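Participant: Structure below; questions to follow.
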2 protein chains.
Amino acid sequence: MYTIKNVAEKLNISEHTLRFWAKNGFFPFVKRNKNNIRIFEENDLEWVKIVKCLRSVGLDNKSVKKYIEYCIEGDSTISKRYKLIKETKTKAELQLSELQKQIQLLNYKEEYYMKLINSHAKDTWNPMNKK
Amino acid sequence: MYTIKNVAEKLNISEHTLRFWAKNGFFPFVKRNKNNIRIFEENDLEWVKIVKCLRSVGLDNKSVKKYIEYCIEGDSTISKRYKLIKETKTKAELQLSELQKQIQLLNYKEEYYMKLINSHAKDTWNPMNKK
DNA sequence: AACTTGCCTGATAGTAACTGTCAGGCATTA
DNA sequence: TAATGCCTGACAGTTACTATCAGGCAAGTT
């Protein structure tokens with residue numbers, strides 16, 4: 001059982017963001033204790049993780065909300081949820097390969113600069129370098 | 001030799017964004033023809049690619065600008081550039097492993113929904129499902 | 001000559017998803 | 001009694017675009 005602060009620490013999401021998500025209806029199931037304080041159960045944490053996952057993969061808040069609404073609707077929406085997750089995964093995999101490409105480029109640059117440093121040569125790539 | 005539109009098409013960046021970057025001093029070397037039109041050389045394209053790379057990896061515009069200013073300063077800043085690229089690469093690699101984790105989670109969810117669909121079982125994970 | 005197209009500029013407003021900050025309120029704990 | 005932790009609401013600020021409008025020049029087409 002976690003307060004919003006505990007969740008924030010545990011999942012490395014700011015408290016502010018969690019409240020922002022809460023206000024946007026991202027945690028419709030979370031119970032409150034008699035003092036009106038949100039209490040997240042272990043199971044709820046898994047849910048927050050999914051939300052974090054969807055967001056971090058670039059799904060916008062509107063679509064996250066849609067997913068949540070499917071969940072509220074119940075088992076009749078399982079295939080819609082399946083589709084949404086699957087499409088999101090496909091996009092994430094594209095991002096992954098794109099990211100790998102960019103890392104390769106960074107690596108190339110890193111090595112290039114490394115060689116320049118070691119050889120005391122001029123940077124002939126830099127278009128701003130006087131010829 | 002490319003106009004801004006050609007570059008936009010070739011590198012899949014919107015014309016608007018390229019102009020935005022240009023206004024922010026991201027392409028200090030680009031020449032203009034007699035009609036004041038920006039002409040990107042083959043070499044300049046490589047530069048735009050680097051900018052795109054740095055941005056897509058999450059480096060903010062301020063830091064991109066800093067990198068560019070190092071380049072303008074010339075060979076005396078090579079080790080600073082090396083450091084910047086190296087740190088950026090490290091962050092990108094962290095992103096990569098984070099993304100891989102999230103994809104695993106999506107994959108798990110996808111398979112879970114798949115099984116539900118095939119077995120016509122109830123979704124026991126959904127905290128909103130009536131018990 | 002008139003028109004369309006492609007490039008240029010500047011200005012302004014809108015967007016998403018936070019992020020920061022203040023103010024006020026209730027309840028538990030020191 | 002005071003500090004702490006949670007709650008709420010409101011509103012301004014941020015980043016990096018993105019959209020839209022307006023006006024202008026130059027080259028090619030009709």
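Chain labels A, B, ... are given in the sequence in which chains occur in the structure tokens; within each chain residues are numbered consecutively from 1, and ligands are likewise numbered from 1 in the order shown.
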Give the superposed chain A as a tab-separated table (two decimals) with N, CA and C atoms, in the first residue's frame, the fit being least squares on chain B over all ordered C-alpha pairs.

Facilitator:
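What follows is the written file result.tsv:
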chain	number	residue	atom	x	y	z
A	1	MET	N	23.12	19.87	-54.49
A	1	MET	CA	22.60	21.18	-54.06
A	1	MET	C	21.08	21.14	-53.86
A	2	TYR	N	20.67	21.51	-52.66
A	2	TYR	CA	19.28	21.34	-52.28
A	2	TYR	C	18.69	22.65	-51.75
A	3	THR	N	17.45	22.87	-52.07
A	3	THR	CA	16.72	23.95	-51.40
A	3	THR	C	16.23	23.40	-50.07
A	4	ILE	N	15.64	24.27	-49.30
A	4	ILE	CA	15.16	23.85	-47.98
A	4	ILE	C	14.09	22.77	-48.12
A	5	LYS	N	13.31	22.88	-49.18
A	5	LYS	CA	12.26	21.90	-49.42
A	5	LYS	C	12.86	20.52	-49.74
A	6	ASN	N	13.89	20.52	-50.56
A	6	ASN	CA	14.57	19.27	-50.90
A	6	ASN	C	15.12	18.59	-49.65
A	7	VAL	N	15.73	19.39	-48.80
A	7	VAL	CA	16.30	18.85	-47.57
A	7	VAL	C	15.19	18.24	-46.72
A	8	ALA	N	14.10	18.98	-46.65
A	8	ALA	CA	12.95	18.51	-45.86
A	8	ALA	C	12.51	17.13	-46.33
A	9	GLU	N	12.40	16.97	-47.64
A	9	GLU	CA	11.96	15.68	-48.18
A	9	GLU	C	13.01	14.59	-47.94
A	10	LYS	N	14.25	14.98	-48.22
A	10	LYS	CA	15.32	13.98	-48.15
A	10	LYS	C	15.53	13.46	-46.73
A	11	LEU	N	15.44	14.34	-45.77
A	11	LEU	CA	15.74	13.91	-44.39
A	11	LEU	C	14.49	13.73	-43.54
A	12	ASN	N	13.36	13.93	-44.18
A	12	ASN	CA	12.10	13.71	-43.46
A	12	ASN	C	11.98	14.60	-42.21
A	13	ILE	N	12.21	15.87	-42.45
A	13	ILE	CA	12.04	16.88	-41.41
A	13	ILE	C	11.14	17.94	-42.04
A	14	SER	N	10.21	18.51	-41.28
A	14	SER	CA	9.32	19.47	-41.93
A	14	SER	C	10.08	20.74	-42.29
A	15	GLU	N	9.62	21.36	-43.37
A	15	GLU	CA	10.23	22.60	-43.83
A	15	GLU	C	10.18	23.63	-42.70
A	16	HIS	N	9.05	23.65	-42.04
A	16	HIS	CA	8.85	24.61	-40.96
A	16	HIS	C	9.91	24.44	-39.88
A	17	THR	N	10.15	23.20	-39.51
A	17	THR	CA	11.15	22.92	-38.49
A	17	THR	C	12.54	23.33	-38.97
A	18	LEU	N	12.84	23.06	-40.22
A	18	LEU	CA	14.15	23.45	-40.75
A	18	LEU	C	14.32	24.97	-40.68
A	19	ARG	N	13.27	25.70	-41.04
A	19	ARG	CA	13.36	27.16	-40.94
A	19	ARG	C	13.51	27.60	-39.49
A	20	PHE	N	12.78	26.93	-38.64
A	20	PHE	CA	12.86	27.21	-37.20
A	20	PHE	C	14.30	27.00	-36.71
A	21	TRP	N	14.89	25.91	-37.12
A	21	TRP	CA	16.28	25.64	-36.75
A	21	TRP	C	17.21	26.69	-37.35
A	22	ALA	N	16.95	27.02	-38.61
A	22	ALA	CA	17.78	28.02	-39.29
A	22	ALA	C	17.74	29.34	-38.53
A	23	LYS	N	16.53	29.72	-38.14
A	23	LYS	CA	16.37	30.99	-37.41
A	23	LYS	C	17.12	30.95	-36.08
A	24	ASN	N	17.22	29.77	-35.52
A	24	ASN	CA	17.93	29.61	-34.25
A	24	ASN	C	19.44	29.42	-34.44
A	25	GLY	N	19.88	29.61	-35.65
A	25	GLY	CA	21.32	29.55	-35.88
A	25	GLY	C	21.90	28.16	-35.98
A	26	PHE	N	21.09	27.18	-36.39
A	26	PHE	CA	21.59	25.81	-36.46
A	26	PHE	C	22.37	25.54	-37.75
A	27	PHE	N	22.23	26.42	-38.73
A	27	PHE	CA	22.94	26.21	-40.00
A	27	PHE	C	23.72	27.47	-40.38
A	28	PRO	N	24.72	27.81	-39.62
A	28	PRO	CA	25.39	29.09	-39.83
A	28	PRO	C	26.22	29.15	-41.11
A	29	PHE	N	26.40	28.02	-41.73
A	29	PHE	CA	27.31	27.93	-42.88
A	29	PHE	C	26.57	27.99	-44.21
A	30	VAL	N	25.26	27.76	-44.17
A	30	VAL	CA	24.53	27.60	-45.44
A	30	VAL	C	24.60	28.87	-46.28
A	31	LYS	N	24.97	28.66	-47.53
A	31	LYS	CA	25.10	29.77	-48.47
A	31	LYS	C	23.74	30.11	-49.08
A	32	ARG	N	23.65	31.33	-49.58
A	32	ARG	CA	22.45	31.74	-50.32
A	32	ARG	C	22.85	32.02	-51.75
A	33	ASN	N	21.95	31.79	-52.67
A	33	ASN	CA	22.23	32.19	-54.06
A	33	ASN	C	21.84	33.67	-54.23
A	34	LYS	N	21.97	34.17	-55.45
A	34	LYS	CA	21.76	35.62	-55.63
A	34	LYS	C	20.31	36.05	-55.30
A	35	ASN	N	19.39	35.07	-55.29
A	35	ASN	CA	18.01	35.41	-54.91
A	35	ASN	C	17.74	35.19	-53.43
A	36	ASN	N	18.78	35.06	-52.68
A	36	ASN	CA	18.66	34.91	-51.23
A	36	ASN	C	18.09	33.56	-50.80
A	37	ILE	N	18.20	32.60	-51.69
A	37	ILE	CA	17.65	31.28	-51.38
A	37	ILE	C	18.73	30.38	-50.80
A	38	ARG	N	18.40	29.72	-49.69
A	38	ARG	CA	19.36	28.82	-49.05
A	38	ARG	C	19.69	27.64	-49.94
A	39	ILE	N	20.97	27.40	-50.15
A	39	ILE	CA	21.42	26.26	-50.94
A	39	ILE	C	22.26	25.35	-50.04
A	40	PHE	N	21.73	24.15	-49.81
A	40	PHE	CA	22.46	23.17	-49.01
A	40	PHE	C	23.30	22.29	-49.91
A	41	GLU	N	24.58	22.21	-49.61
A	41	GLU	CA	25.49	21.31	-50.33
A	41	GLU	C	25.39	19.91	-49.72
A	42	GLU	N	25.95	18.97	-50.43
A	42	GLU	CA	25.95	17.58	-49.95
A	42	GLU	C	26.51	17.50	-48.52
A	43	ASN	N	27.57	18.22	-48.32
A	43	ASN	CA	28.24	18.22	-47.02
A	43	ASN	C	27.33	18.80	-45.93
A	44	ASP	N	26.55	19.81	-46.32
A	44	ASP	CA	25.64	20.44	-45.37
A	44	ASP	C	24.57	19.46	-44.90
A	45	LEU	N	24.20	18.57	-45.79
A	45	LEU	CA	23.20	17.56	-45.44
A	45	LEU	C	23.67	16.73	-44.26
A	46	GLU	N	24.94	16.39	-44.29
A	46	GLU	CA	25.51	15.59	-43.20
A	46	GLU	C	25.36	16.34	-41.88
A	47	TRP	N	25.56	17.63	-41.98
A	47	TRP	CA	25.40	18.47	-40.80
A	47	TRP	C	23.97	18.44	-40.29
A	48	VAL	N	23.03	18.60	-41.20
A	48	VAL	CA	21.62	18.57	-40.80
A	48	VAL	C	21.30	17.23	-40.15
A	49	LYS	N	21.89	16.19	-40.70
A	49	LYS	CA	21.68	14.85	-40.11
A	49	LYS	C	22.15	14.79	-38.67
A	50	ILE	N	23.30	15.42	-38.43
A	50	ILE	CA	23.81	15.42	-37.06
A	50	ILE	C	22.86	16.17	-36.14
A	51	VAL	N	22.40	17.31	-36.61
A	51	VAL	CA	21.45	18.08	-35.80
A	51	VAL	C	20.21	17.22	-35.51
A	52	LYS	N	19.70	16.59	-36.55
A	52	LYS	CA	18.54	15.73	-36.37
A	52	LYS	C	18.84	14.63	-35.35
A	53	CYS	N	19.99	14.06	-35.50
A	53	CYS	CA	20.42	12.98	-34.60
A	53	CYS	C	20.44	13.45	-33.15
A	54	LEU	N	21.10	14.57	-32.92
A	54	LEU	CA	21.21	15.08	-31.55
A	54	LEU	C	19.82	15.37	-30.98
A	55	ARG	N	18.98	16.00	-31.78
A	55	ARG	CA	17.63	16.32	-31.31
A	55	ARG	C	16.83	15.05	-31.03
A	56	SER	N	16.93	14.09	-31.93
A	56	SER	CA	16.07	12.91	-31.80
A	56	SER	C	16.48	12.05	-30.62
A	57	VAL	N	17.65	12.33	-30.12
A	57	VAL	CA	18.17	11.55	-29.01
A	57	VAL	C	17.88	12.29	-27.69
A	58	GLY	N	17.21	13.43	-27.83
A	58	GLY	CA	16.74	14.14	-26.65
A	58	GLY	C	17.59	15.30	-26.18
A	59	LEU	N	18.65	15.60	-26.93
A	59	LEU	CA	19.44	16.78	-26.57
A	59	LEU	C	18.59	18.01	-26.83
A	60	ASP	N	18.58	18.96	-25.89
A	60	ASP	CA	17.74	20.13	-26.13
A	60	ASP	C	18.41	21.13	-27.06
A	61	ASN	N	17.60	22.03	-27.57
A	61	ASN	CA	18.10	22.96	-28.58
A	61	ASN	C	19.27	23.79	-28.08
A	62	LYS	N	19.23	24.12	-26.80
A	62	LYS	CA	20.30	24.92	-26.23
A	62	LYS	C	21.65	24.18	-26.35
A	63	SER	N	21.64	22.90	-26.09
A	63	SER	CA	22.88	22.14	-26.16
A	63	SER	C	23.32	21.93	-27.60
A	64	VAL	N	22.36	21.76	-28.48
A	64	VAL	CA	22.69	21.65	-29.90
A	64	VAL	C	23.40	22.93	-30.32
A	65	LYS	N	22.83	24.04	-29.89
A	65	LYS	CA	23.43	25.35	-30.20
A	65	LYS	C	24.86	25.43	-29.66
A	66	LYS	N	25.04	24.91	-28.48
A	66	LYS	CA	26.36	24.94	-27.87
A	66	LYS	C	27.36	24.16	-28.73
A	67	TYR	N	26.93	23.00	-29.15
A	67	TYR	CA	27.78	22.17	-30.03
A	67	TYR	C	28.16	22.94	-31.29
A	68	ILE	N	27.16	23.62	-31.85
A	68	ILE	CA	27.41	24.39	-33.08
A	68	ILE	C	28.41	25.51	-32.82
A	69	GLU	N	28.24	26.13	-31.67
A	69	GLU	CA	29.18	27.21	-31.34
A	69	GLU	C	30.61	26.70	-31.15
A	70	TYR	N	30.72	25.50	-30.61
A	70	TYR	CA	32.04	24.89	-30.52
A	70	TYR	C	32.62	24.72	-31.93
A	71	CYS	N	31.78	24.26	-32.84
A	71	CYS	CA	32.26	24.04	-34.21
A	71	CYS	C	32.72	25.35	-34.83
A	72	ILE	N	31.97	26.41	-34.58
A	72	ILE	CA	32.35	27.71	-35.13
A	72	ILE	C	33.70	28.15	-34.56
A	73	GLU	N	33.88	27.87	-33.29
A	73	GLU	CA	35.12	28.28	-32.64
A	73	GLU	C	36.35	27.63	-33.27
A	74	GLY	N	36.15	26.45	-33.81
A	74	GLY	CA	37.25	25.79	-34.52
A	74	GLY	C	37.91	24.67	-33.73
A	75	ASP	N	39.06	24.26	-34.22
A	75	ASP	CA	39.69	23.04	-33.74
A	75	ASP	C	40.05	23.03	-32.25
A	76	SER	N	40.10	24.21	-31.66
A	76	SER	CA	40.45	24.25	-30.25
A	76	SER	C	39.38	23.62	-29.36
A	77	THR	N	38.19	23.41	-29.92
A	77	THR	CA	37.09	22.89	-29.11
A	77	THR	C	36.82	21.42	-29.36
A	78	ILE	N	37.74	20.77	-30.05
A	78	ILE	CA	37.45	19.37	-30.43
A	78	ILE	C	37.22	18.48	-29.22
A	79	SER	N	37.98	18.68	-28.17
A	79	SER	CA	37.78	17.76	-27.04
A	79	SER	C	36.45	18.06	-26.33
A	80	LYS	N	36.02	19.33	-26.37
A	80	LYS	CA	34.70	19.64	-25.81
A	80	LYS	C	33.60	18.95	-26.62
A	81	ARG	N	33.78	18.98	-27.93
A	81	ARG	CA	32.80	18.33	-28.80
A	81	ARG	C	32.79	16.83	-28.57
A	82	TYR	N	33.98	16.28	-28.42
A	82	TYR	CA	34.11	14.85	-28.16
A	82	TYR	C	33.32	14.49	-26.90
A	83	LYS	N	33.51	15.29	-25.87
A	83	LYS	CA	32.84	15.03	-24.60
A	83	LYS	C	31.32	15.11	-24.75
A	84	LEU	N	30.87	16.15	-25.43
A	84	LEU	CA	29.43	16.33	-25.62
A	84	LEU	C	28.81	15.15	-26.37
A	85	ILE	N	29.49	14.73	-27.43
A	85	ILE	CA	28.98	13.61	-28.22
A	85	ILE	C	28.98	12.33	-27.40
A	86	LYS	N	30.05	12.16	-26.66
A	86	LYS	CA	30.18	10.94	-25.86
A	86	LYS	C	29.08	10.86	-24.80
A	87	GLU	N	28.86	11.97	-24.12
A	87	GLU	CA	27.81	12.00	-23.09
A	87	GLU	C	26.43	11.77	-23.70
A	88	THR	N	26.25	12.37	-24.86
A	88	THR	CA	24.97	12.20	-25.54
A	88	THR	C	24.77	10.74	-25.91
A	89	LYS	N	25.83	10.12	-26.38
A	89	LYS	CA	25.74	8.71	-26.75
A	89	LYS	C	25.39	7.86	-25.53
A	90	THR	N	26.02	8.18	-24.42
A	90	THR	CA	25.74	7.41	-23.20
A	90	THR	C	24.27	7.53	-22.81
A	91	LYS	N	23.75	8.74	-22.89
A	91	LYS	CA	22.32	8.92	-22.58
A	91	LYS	C	21.44	8.16	-23.56
A	92	ALA	N	21.85	8.18	-24.81
A	92	ALA	CA	21.06	7.50	-25.84
A	92	ALA	C	21.05	5.99	-25.58
A	93	GLU	N	22.18	5.49	-25.11
A	93	GLU	CA	22.24	4.05	-24.83
A	93	GLU	C	21.35	3.68	-23.65
A	94	LEU	N	21.27	4.58	-22.69
A	94	LEU	CA	20.33	4.37	-21.58
A	94	LEU	C	18.90	4.33	-22.09
A	95	GLN	N	18.58	5.30	-22.95
A	95	GLN	CA	17.25	5.32	-23.54
A	95	GLN	C	16.95	4.01	-24.25
A	96	LEU	N	17.96	3.54	-24.95
A	96	LEU	CA	17.79	2.30	-25.70
A	96	LEU	C	17.40	1.15	-24.79
A	97	SER	N	18.11	1.02	-23.68
A	97	SER	CA	17.82	-0.14	-22.82
A	97	SER	C	16.47	0.05	-22.14
A	98	GLU	N	16.15	1.31	-21.85
A	98	GLU	CA	14.84	1.59	-21.28
A	98	GLU	C	13.74	1.22	-22.28
A	99	LEU	N	13.96	1.62	-23.50
A	99	LEU	CA	12.98	1.32	-24.55
A	99	LEU	C	12.81	-0.19	-24.73
A	100	GLN	N	13.92	-0.91	-24.65
A	100	GLN	CA	13.84	-2.37	-24.78
A	100	GLN	C	13.00	-2.97	-23.67
A	101	LYS	N	13.18	-2.43	-22.46
A	101	LYS	CA	12.37	-2.91	-21.34
A	101	LYS	C	10.89	-2.67	-21.59
A	102	GLN	N	10.59	-1.47	-22.05
A	102	GLN	CA	9.18	-1.13	-22.27
A	102	GLN	C	8.58	-2.00	-23.38
A	103	ILE	N	9.39	-2.30	-24.37
A	103	ILE	CA	8.89	-3.17	-25.45
A	103	ILE	C	8.58	-4.57	-24.91
A	104	GLN	N	9.44	-5.02	-24.00
A	104	GLN	CA	9.17	-6.32	-23.37
A	104	GLN	C	7.84	-6.33	-22.64
A	105	LEU	N	7.58	-5.22	-21.94
A	105	LEU	CA	6.31	-5.12	-21.20
A	105	LEU	C	5.14	-5.12	-22.17
A	106	LEU	N	5.27	-4.36	-23.25
A	106	LEU	CA	4.21	-4.32	-24.26
A	106	LEU	C	3.99	-5.71	-24.84
A	107	ASN	N	5.10	-6.39	-25.04
A	107	ASN	CA	5.01	-7.72	-25.60
A	107	ASN	C	4.29	-8.68	-24.66
A	108	TYR	N	4.61	-8.56	-23.40
A	108	TYR	CA	3.94	-9.38	-22.40
A	108	TYR	C	2.44	-9.14	-22.43
A	109	LYS	N	2.07	-7.84	-22.47
A	109	LYS	CA	0.65	-7.47	-22.52
A	109	LYS	C	-0.02	-8.00	-23.77
A	110	GLU	N	0.69	-7.85	-24.87
A	110	GLU	CA	0.14	-8.31	-26.14
A	110	GLU	C	-0.19	-9.80	-26.07
A	111	GLU	N	0.77	-10.54	-25.56
A	111	GLU	CA	0.56	-11.99	-25.46
A	111	GLU	C	-0.55	-12.34	-24.48
A	112	TYR	N	-0.61	-11.57	-23.42
A	112	TYR	CA	-1.67	-11.78	-22.43
A	112	TYR	C	-3.04	-11.62	-23.07
A	113	TYR	N	-3.21	-10.51	-23.80
A	113	TYR	CA	-4.50	-10.28	-24.46
A	113	TYR	C	-4.78	-11.34	-25.51
A	114	MET	N	-3.73	-11.74	-26.20
A	114	MET	CA	-3.87	-12.77	-27.21
A	114	MET	C	-4.42	-14.06	-26.60
A	115	LYS	N	-3.85	-14.42	-25.46
A	115	LYS	CA	-4.32	-15.64	-24.79
A	115	LYS	C	-5.77	-15.51	-24.35
A	116	LEU	N	-6.11	-14.33	-23.83
A	116	LEU	CA	-7.50	-14.11	-23.41
A	116	LEU	C	-8.45	-14.30	-24.58
A	117	ILE	N	-8.04	-13.72	-25.72
A	117	ILE	CA	-8.89	-13.81	-26.90
A	117	ILE	C	-9.08	-15.27	-27.31
A	118	ASN	N	-7.98	-16.02	-27.29
A	118	ASN	CA	-8.06	-17.41	-27.74
A	118	ASN	C	-8.79	-18.32	-26.76
A	119	SER	N	-8.67	-18.00	-25.48
A	119	SER	CA	-9.27	-18.90	-24.50
A	119	SER	C	-10.63	-18.44	-24.02
A	120	HIS	N	-11.05	-17.26	-24.45
A	120	HIS	CA	-12.32	-16.67	-23.99
A	120	HIS	C	-12.37	-16.55	-22.47
A	121	ALA	N	-11.20	-16.38	-21.88
A	121	ALA	CA	-11.15	-16.26	-20.42
A	121	ALA	C	-11.40	-14.82	-20.01
A	122	LYS	N	-11.59	-14.64	-18.72
A	122	LYS	CA	-11.81	-13.29	-18.19
A	122	LYS	C	-10.48	-12.59	-17.93
A	123	ASP	N	-10.51	-11.28	-18.05
A	123	ASP	CA	-9.32	-10.48	-17.78
A	123	ASP	C	-9.22	-10.24	-16.28
A	124	THR	N	-8.41	-11.04	-15.63
A	124	THR	CA	-8.33	-10.95	-14.16
A	124	THR	C	-7.34	-9.89	-13.70
A	125	TRP	N	-6.62	-9.35	-14.65
A	125	TRP	CA	-5.63	-8.33	-14.28
A	125	TRP	C	-6.28	-6.96	-14.12
A	126	ASN	N	-7.21	-6.67	-14.97
A	126	ASN	CA	-7.88	-5.37	-15.01
A	126	ASN	C	-8.50	-5.02	-13.67
A	127	PRO	N	-7.97	-4.03	-12.97
A	127	PRO	CA	-8.49	-3.70	-11.64
A	127	PRO	C	-9.90	-3.13	-11.67
A	128	MET	N	-10.37	-2.81	-12.86
A	128	MET	CA	-11.72	-2.25	-12.95
A	128	MET	C	-12.76	-3.32	-13.22
A	129	ASN	N	-12.29	-4.53	-13.51
A	129	ASN	CA	-13.24	-5.60	-13.77
A	129	ASN	C	-13.93	-6.01	-12.47
A	130	LYS	N	-15.24	-6.06	-12.55
A	130	LYS	CA	-15.98	-6.57	-11.37
A	130	LYS	C	-15.46	-7.97	-11.04
A	131	LYS	N	-15.23	-8.18	-9.75
A	131	LYS	CA	-14.70	-9.50	-9.36
A	131	LYS	C	-15.73	-10.58	-9.67

Participant: When you get a sec, could you note down which chain C residues fall within 9 Å of chain A, using only C-alpha atoms (C1' of nucleotides), as a ChimeraX atom specification?

Facilitator: /C:16-19,26-27

Participant: With N, CA and C atoms (P, O5', C5', C4', C3', O3' and C1' of nucleotides) retained, export the selected residues as a short mmCIF file (atom, residue, chain, number, x, y, z; two decimals), in the first residue's frame.

Facilitator:
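Printed below is again06.cif as written:
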data_model
loop_
_atom_site.label_atom_id
_atom_site.label_comp_id
_atom_site.auth_asym_id
_atom_site.auth_seq_id
_atom_site.Cartn_x
_atom_site.Cartn_y
_atom_site.Cartn_z
P DA C 16 -3.43 19.54 -27.75
"O5'" DA C 16 -2.09 18.87 -27.23
"C5'" DA C 16 -1.18 18.30 -28.16
"C4'" DA C 16 -0.02 17.74 -27.39
"C3'" DA C 16 -0.42 17.06 -26.08
"O3'" DA C 16 0.31 15.85 -25.98
"C1'" DA C 16 1.07 18.86 -25.63
P DA C 17 -0.18 14.76 -24.91
"O5'" DA C 17 0.80 15.12 -23.70
"C5'" DA C 17 2.20 15.07 -23.92
"C4'" DA C 17 2.89 15.63 -22.72
"C3'" DA C 17 2.29 15.18 -21.37
"O3'" DA C 17 3.34 14.86 -20.49
"C1'" DA C 17 2.48 17.49 -21.44
P DC C 18 3.01 13.89 -19.23
"O5'" DC C 18 2.47 14.91 -18.13
"C5'" DC C 18 3.34 15.53 -17.18
"C4'" DC C 18 4.33 16.44 -17.83
"C3'" DC C 18 5.28 17.08 -16.85
"O3'" DC C 18 6.62 16.95 -17.29
"C1'" DC C 18 4.20 18.74 -18.14
P DT C 19 7.76 16.91 -16.15
"O5'" DT C 19 7.72 18.38 -15.52
"C5'" DT C 19 8.49 19.42 -16.11
"C4'" DT C 19 8.29 20.69 -15.33
"C3'" DT C 19 8.47 20.56 -13.81
"O3'" DT C 19 9.54 21.41 -13.45
"C1'" DT C 19 6.57 21.88 -14.35
P DC C 26 -10.64 22.79 6.97
"O5'" DC C 26 -10.35 21.23 7.13
"C5'" DC C 26 -10.73 20.32 6.11
"C4'" DC C 26 -9.90 19.05 6.27
"C3'" DC C 26 -9.85 18.54 7.71
"O3'" DC C 26 -10.11 17.15 7.72
"C1'" DC C 26 -7.67 18.79 6.86
P DA C 27 -10.49 16.42 9.08
"O5'" DA C 27 -9.17 15.59 9.40
"C5'" DA C 27 -8.66 14.69 8.42
"C4'" DA C 27 -7.30 14.18 8.87
"C3'" DA C 27 -7.22 13.81 10.35
"O3'" DA C 27 -6.53 12.58 10.44
"C1'" DA C 27 -5.49 15.29 9.80
#

Participant: For chain D, report every residue with an atom at most 8 Å from chain B (counting only C-alpha atoms (C1' of nucleotides)), formatted as an mmCIF file with C-alpha atoms (C1' of nucleotides), in the first residue's frame.

Facilitator:
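Contents of the output file iface.cif:
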data_model
loop_
_atom_site.group_PDB
_atom_site.id
_atom_site.type_symbol
_atom_site.label_atom_id
_atom_site.label_comp_id
_atom_site.auth_asym_id
_atom_site.auth_seq_id
_atom_site.Cartn_x
_atom_site.Cartn_y
_atom_site.Cartn_z
ATOM 1 C "C1'" DC D 17 7.505 22.892 -32.435
ATOM 2 C "C1'" DT D 18 3.113 23.601 -35.620
ATOM 3 C "C1'" DA D 26 12.112 36.339 -58.711
#

Participant: Could you tell me, as a PyMOL selection string, which residues of range 20-106 of chain A DSSP assigns to strand (DSSP E or B) when given the backbone?

Facilitator: chain A and resi 31-32+38-40

Participant: Would you export the selected residues with N, CA and C atoms as a compact mmCIF listing (two decimals), in the first residue's frame, please?

Facilitator:
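This went into out.txt:
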# COMPACT_ATOMS: atom_id res chain seq x y z
N LYS A 31 -8.32 3.66 -4.65
CA LYS A 31 -9.18 3.89 -3.48
C LYS A 31 -8.59 5.01 -2.63
N ARG A 32 -9.47 5.60 -1.82
CA ARG A 32 -9.01 6.60 -0.85
C ARG A 32 -9.28 6.05 0.54
N ARG A 38 -5.17 8.99 -1.41
CA ARG A 38 -5.07 7.91 -2.40
C ARG A 38 -4.18 6.80 -1.88
N ILE A 39 -4.68 5.58 -1.93
CA ILE A 39 -3.90 4.41 -1.52
C ILE A 39 -3.75 3.49 -2.73
N PHE A 40 -2.52 3.35 -3.18
CA PHE A 40 -2.24 2.45 -4.31
C PHE A 40 -1.87 1.07 -3.79

Participant: DSSP says alpha helix (DSSP H) for which residues of chain A? Put them as a VMD selection string?

Facilitator: chain A and resid 4 to 11 15 to 23 42 to 56 61 to 73 78 to 119

Participant: Could you pull the residues within 12 Å of DT12 in chain C, counting only C-alpha atoms (C1' of nucleotides), minus those fewer than 6 positions along the same chain, as number ranges by chain?

Facilitator: D: 19-22

Participant: Take C1' of DC8 in chain C and C1' of DG23 in chain D and report the distance between them in Å, one decimal.

Facilitator: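 Computing it gives 10.4 Å between the two atoms.
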